[in-house]
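Notes follow the structure.
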Amino acid sequence: MSEGPEVTRAARLILGLRRQGVTDPRVLAAMEAVDRSVFVHPHFLDQAWEDQALPIDCAQTISQPFIVGLMTQALKVEPRHRVLEIGTGSGYQCAVLSRLARYVYSVERYRSLLREAEERLRHLGIDNVITRHGDGGLGWPEQAPFDRIMVTAAAPGEPRDLLTQLKPGGVLVAPVGRGSVQMLHRYTAEDDGSYRRESLCEVRFVPLVEGKASEDG
C-alpha cells in the first residue's frame, strides 16, 4: 500500500481492532495489507476503512472489519493450512485468509458475486485461492478434509455437513441461528469424531441459503 491518506486510515482501523480485542499480529498484518477499498461497492468508497459492514450486490454485505478480524483470529490459521470458506461474497475475507493459509477454497452461491470476487483477487495478485459456484451448505467434499472452515453466513442449526469435512483437530467458525442475531460458534474436531463447541459472541449475518442462486440480483 502506497503512502498517503489510505495508509493513515488503514492504520487507524487496525489500531481500533486491536483495542477491541483482535490482537493476533498475523491477523492484523493480513488485514492491514489487504486494501478493503478494492472490495467495497463504489458508492461506499468513502467508508471503505470504517469499522462497519457495507452493502454489496445480491442483497449481501461485506462484513465489519472487527468481525472479520475476530473470526479470523478465532480460526487460528497456520501457514500450511488448507482453509474452506463458505460465502465468498466480495472476496475480502477470502483475501485476508489467503495471506495466512497455504490454500483457500471458497464457495459462493451467486455466480455474479463470484466473478467479481475472482477479478478482485486477480487484481491483487492473489493466486492461492480456488473458487467454486455452488451450495455452500454442502461444503466442498471433493477437496476435504480441511484444516479450517469459516462460514460467513448464518447457518440455521449446527452445520453437520461442514463439520464432517474437518480434519481431526480442525476448527470451524460459524454464526448459527435463525433470527436477526446469531451466536458465533467455534467447533473443534476431536480424534474420536466428536466436536467441542465454544460460544464466542453475538453477531449479525445474512442467512446461509440452500442451493445455488437461480439468478443473480
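So you can find residues: chains in the C-alpha cells are A, B, ... in the order shown, residues in each start at 1, and ligands are numbered from 1 in order.
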
(message) I need the residues in stretch 3-155 of chain A that are helix (DSSP H, G or I) according to DSSP; give them as a PyMOL selection string.
(response) chain A and resi 5-20+25-33+36-38+42-47+65-75+92-98+111-123+136-138+141-143

(request) For A:Tyr187, list every protein, DNA or RNA residue within 9 Å, evaluated using only C-alpha atoms, and leave out those in the same chain fewer than 4 positions away; present the list as a VMD selection string. (result) chain A and resid 163 170 to 174 195 to 199

(message) Could you list, as a PyMOL selection string, every residue within 9 Å of A:Arg9, counting only C-alpha atoms and ignoring same-chain residues fewer than 4 positions away?
(response) chain A and resi 5+13-14+49-50

Would you write out those residues with N, CA and C atoms, as a compact mmCIF listing (two decimals), in the first residue's frame?
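What ended up in result-v5.txt:
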```
# COMPACT_ATOMS: atom_id res chain seq x y z
N PRO A 5 -3.22 9.11 2.44
CA PRO A 5 -4.35 9.05 3.36
C PRO A 5 -4.86 7.65 3.63
N LEU A 13 -7.72 2.05 11.54
CA LEU A 13 -8.64 0.91 11.68
C LEU A 13 -7.98 -0.22 12.44
N ILE A 14 -6.74 -0.54 12.09
CA ILE A 14 -6.04 -1.63 12.76
C ILE A 14 -5.86 -1.34 14.24
N TRP A 49 -12.66 2.21 4.89
CA TRP A 49 -11.79 1.92 6.04
C TRP A 49 -12.49 2.19 7.38
N GLU A 50 -13.81 2.31 7.33
CA GLU A 50 -14.58 2.43 8.57
C GLU A 50 -14.89 1.04 9.10
```

Tell me, counting only C-alpha atoms, for each residue of stretch 18-48 of chain A within 12 Å of stretch 78-88 of chain A, which pair of atoms is nearest and how far apart they are in Å to one decimal, in rows ordered by chain and increasing number, as CSV.
```
residue,atom,partner,partner_atom,distance
A:Arg26,CA,A:Glu78,CA,9.7
A:Val27,CA,A:Glu78,CA,10.7
A:Phe39,CA,A:Thr88,CA,11.3
```

Generate a file of the selected residues that holds C-alpha atoms, formatted as a short mmCIF file (atom, residue, chain, number, x, y, z; two decimals), in the first residue's frame.
```
data_model
loop_
_atom_site.label_atom_id
_atom_site.label_comp_id
_atom_site.auth_asym_id
_atom_site.auth_seq_id
_atom_site.Cartn_x
_atom_site.Cartn_y
_atom_site.Cartn_z
CA ARG A 26 -0.54 -12.13 11.85
CA VAL A 27 -4.25 -11.37 11.53
CA PHE A 39 -13.83 -4.92 -2.30
#
```

(request) Please provide as number ranges by chain all residues within 8 Å of A:Lys167, with the sequence filter that same-chain residues fewer than 4 positions apart are discarded (counting only C-alpha atoms). (result) A: 145-147, 189

Just write the chosen residues, C-alpha atoms, as a tab-separated table (two decimals), in the first residue's frame.
```tsv
chain	number	residue	atom	x	y	z
A	145	PRO	CA	-10.74	-32.79	4.72
A	146	PHE	CA	-9.78	-29.23	5.61
A	147	ASP	CA	-7.67	-27.87	8.45
A	189	ALA	CA	-12.94	-31.74	15.78
```

(request) Could you jot down the atom CA of A:Gln182 to atom CA of A:Ser112 separation for me, Å, one decimal place? (result)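 A separation of 26.8 Å between them.
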
(message) Could you list, as a PyMOL selection string, every residue within 12 Å of A:Val107, counting only C-alpha atoms and ignoring same-chain residues fewer than 6 positions away?
(response) chain A and resi 83-91+94+113-115+117-118+129-141+143+149-153+208+211-212

Restricting it to N, CA and C atoms, dump the selection as a CSV table (one decimal), in the first residue's frame.
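Result file follows (again.csv):
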```csv
chain,number,residue,atom,x,y,z
A,83,VAL,N,-7.8,-24.0,3.9
A,83,VAL,CA,-9.0,-23.4,4.6
A,83,VAL,C,-10.2,-23.4,3.6
A,84,LEU,N,-11.3,-23.8,4.1
A,84,LEU,CA,-12.6,-23.7,3.3
A,84,LEU,C,-13.4,-22.5,3.8
A,85,GLU,N,-13.7,-21.7,2.9
A,85,GLU,CA,-14.6,-20.5,3.2
A,85,GLU,C,-15.9,-20.7,2.5
A,86,ILE,N,-17.0,-20.6,3.3
A,86,ILE,CA,-18.4,-20.7,2.8
A,86,ILE,C,-18.9,-19.3,2.7
A,87,GLY,N,-19.1,-18.8,1.4
A,87,GLY,CA,-19.7,-17.5,1.2
A,87,GLY,C,-18.6,-16.5,0.8
A,88,THR,N,-18.2,-16.6,-0.5
A,88,THR,CA,-17.1,-15.7,-1.0
A,88,THR,C,-17.5,-14.2,-0.9
A,89,GLY,N,-18.7,-13.9,-1.2
A,89,GLY,CA,-19.2,-12.5,-1.2
A,89,GLY,C,-18.3,-11.6,-2.0
A,90,SER,N,-17.8,-10.5,-1.4
A,90,SER,CA,-17.0,-9.6,-2.1
A,90,SER,C,-15.6,-10.1,-2.4
A,91,GLY,N,-15.2,-11.1,-1.6
A,91,GLY,CA,-13.8,-11.6,-1.7
A,91,GLY,C,-12.9,-11.1,-0.6
A,94,CYS,N,-11.9,-13.7,2.1
A,94,CYS,CA,-11.0,-14.6,1.4
A,94,CYS,C,-9.6,-14.1,1.2
A,113,LEU,N,-21.5,-12.5,-8.0
A,113,LEU,CA,-20.6,-12.1,-7.0
A,113,LEU,C,-19.3,-12.9,-7.1
A,114,LEU,N,-19.3,-14.1,-7.4
A,114,LEU,CA,-18.1,-14.9,-7.5
A,114,LEU,C,-17.2,-14.4,-8.6
A,115,ARG,N,-17.8,-14.1,-9.8
A,115,ARG,CA,-17.0,-13.5,-10.9
A,115,ARG,C,-16.3,-12.2,-10.5
A,117,ALA,N,-15.6,-11.2,-7.4
A,117,ALA,CA,-14.5,-11.5,-6.4
A,117,ALA,C,-13.3,-12.1,-7.0
A,118,GLU,N,-13.5,-13.0,-8.0
A,118,GLU,CA,-12.3,-13.6,-8.7
A,118,GLU,C,-11.5,-12.5,-9.4
A,129,VAL,N,-6.0,-19.0,-4.0
A,129,VAL,CA,-7.4,-19.2,-3.8
A,129,VAL,C,-8.1,-19.9,-4.9
A,130,ILE,N,-8.8,-21.0,-4.6
A,130,ILE,CA,-9.6,-21.8,-5.5
A,130,ILE,C,-11.1,-21.5,-5.2
A,131,THR,N,-11.8,-21.2,-6.3
A,131,THR,CA,-13.2,-20.8,-6.1
A,131,THR,C,-14.2,-21.8,-6.7
A,132,ARG,N,-15.4,-21.8,-6.3
A,132,ARG,CA,-16.5,-22.7,-6.8
A,132,ARG,C,-17.8,-22.0,-6.7
A,133,HIS,N,-18.6,-22.1,-7.7
A,133,HIS,CA,-20.0,-21.7,-7.7
A,133,HIS,C,-20.8,-22.9,-7.2
A,134,GLY,N,-21.5,-22.8,-6.1
A,134,GLY,CA,-22.2,-23.9,-5.6
A,134,GLY,C,-22.9,-23.7,-4.3
A,135,ASP,N,-23.5,-24.7,-3.7
A,135,ASP,CA,-24.2,-24.7,-2.5
A,135,ASP,C,-23.2,-24.7,-1.3
A,136,GLY,N,-23.1,-23.6,-0.6
A,136,GLY,CA,-22.1,-23.5,0.5
A,136,GLY,C,-22.4,-24.5,1.6
A,137,GLY,N,-23.7,-24.7,1.9
A,137,GLY,CA,-24.0,-25.6,3.0
A,137,GLY,C,-23.5,-27.0,2.8
A,138,LEU,N,-23.2,-27.4,1.6
A,138,LEU,CA,-22.7,-28.7,1.3
A,138,LEU,C,-21.1,-28.8,1.4
A,139,GLY,N,-20.5,-27.6,1.5
A,139,GLY,CA,-19.1,-27.5,1.5
A,139,GLY,C,-18.4,-27.9,0.2
A,140,TRP,N,-17.3,-28.6,0.3
A,140,TRP,CA,-16.5,-29.0,-0.9
A,140,TRP,C,-16.0,-30.4,-0.7
A,141,PRO,N,-16.8,-31.4,-0.7
A,141,PRO,CA,-16.4,-32.7,-0.3
A,141,PRO,C,-15.2,-33.3,-1.0
A,143,GLN,N,-12.6,-31.9,-2.0
A,143,GLN,CA,-11.3,-31.3,-1.5
A,143,GLN,C,-11.1,-31.6,0.0
A,149,ILE,N,-12.3,-24.3,8.6
A,149,ILE,CA,-13.5,-23.9,7.8
A,149,ILE,C,-14.1,-22.7,8.4
A,150,MET,N,-14.4,-21.7,7.6
A,150,MET,CA,-15.1,-20.5,8.0
A,150,MET,C,-16.3,-20.3,7.2
A,151,VAL,N,-17.4,-20.0,8.0
A,151,VAL,CA,-18.7,-19.8,7.4
A,151,VAL,C,-19.1,-18.3,7.6
A,152,THR,N,-19.4,-17.6,6.5
A,152,THR,CA,-19.6,-16.2,6.5
A,152,THR,C,-21.1,-15.9,6.3
A,153,ALA,N,-22.0,-16.8,6.6
A,153,ALA,CA,-23.4,-16.6,6.6
A,153,ALA,C,-24.0,-17.5,7.7
A,208,LEU,N,-27.5,-18.4,5.7
A,208,LEU,CA,-27.0,-19.4,4.8
A,208,LEU,C,-28.1,-20.0,4.1
A,211,GLY,N,-28.7,-24.4,-1.8
A,211,GLY,CA,-28.7,-24.4,-3.2
A,211,GLY,C,-27.9,-23.2,-3.8
A,212,LYS,N,-27.7,-23.3,-5.2
A,212,LYS,CA,-27.2,-22.2,-5.9
A,212,LYS,C,-28.3,-21.2,-6.2
```

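In terms of minimum interatomic distance to A:Ser37, A:Arg120 ranks closest within A:Lys76, A:Arg12, A:Arg99, A:Arg120, counting only C-alpha atoms.
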
(request) For atom CA of A:Arg111 and atom CA of A:Gln60, quote the distance in Å rounded to one decimal. (result)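 Spanning atom CA of A:Arg111 to atom CA of A:Gln60 is a straight-line distance of 13.0 Å.
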
(request) Find the residues near A:Gly179: any atom within 9 Å, counting only C-alpha atoms, skip ones fewer than 3 places away on the same chain, and give them as a PyMOL selection string. (result) chain A and resi 156+182+204+207

(request) Do a neighbour search on A:Asp51 at 8 Å with only C-alpha atoms, toss out local chain neighbours closer than 5 positions, and write the hits as a PyMOL selection string. (result) chain A and resi 13+64-66

Using C-alpha atoms, can you write the selected residues to a file as a compact mmCIF listing (two decimals), in the first residue's frame?
```
# COMPACT_ATOMS: atom_id res chain seq x y z
CA LEU A 13 -8.64 0.91 11.68
CA GLN A 64 -17.49 -5.30 9.50
CA PRO A 65 -13.67 -5.41 9.83
CA PHE A 66 -13.93 -6.18 13.55
```

(message) Which residue is closest to A:Val34? Choose from A:Ala154, A:Gly177, A:Gly125, A:Val77 and count only C-alpha atoms.
(response)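 Checking each candidate against A:Val34, we get A:Gly125 as the closest.
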
(request) Could you give me the residues within stretch 16-96 of chain A that DSSP places in strand (DSSP E or B), as a ChimeraX atom specification? (result) /A:54-56,60-62,82-86
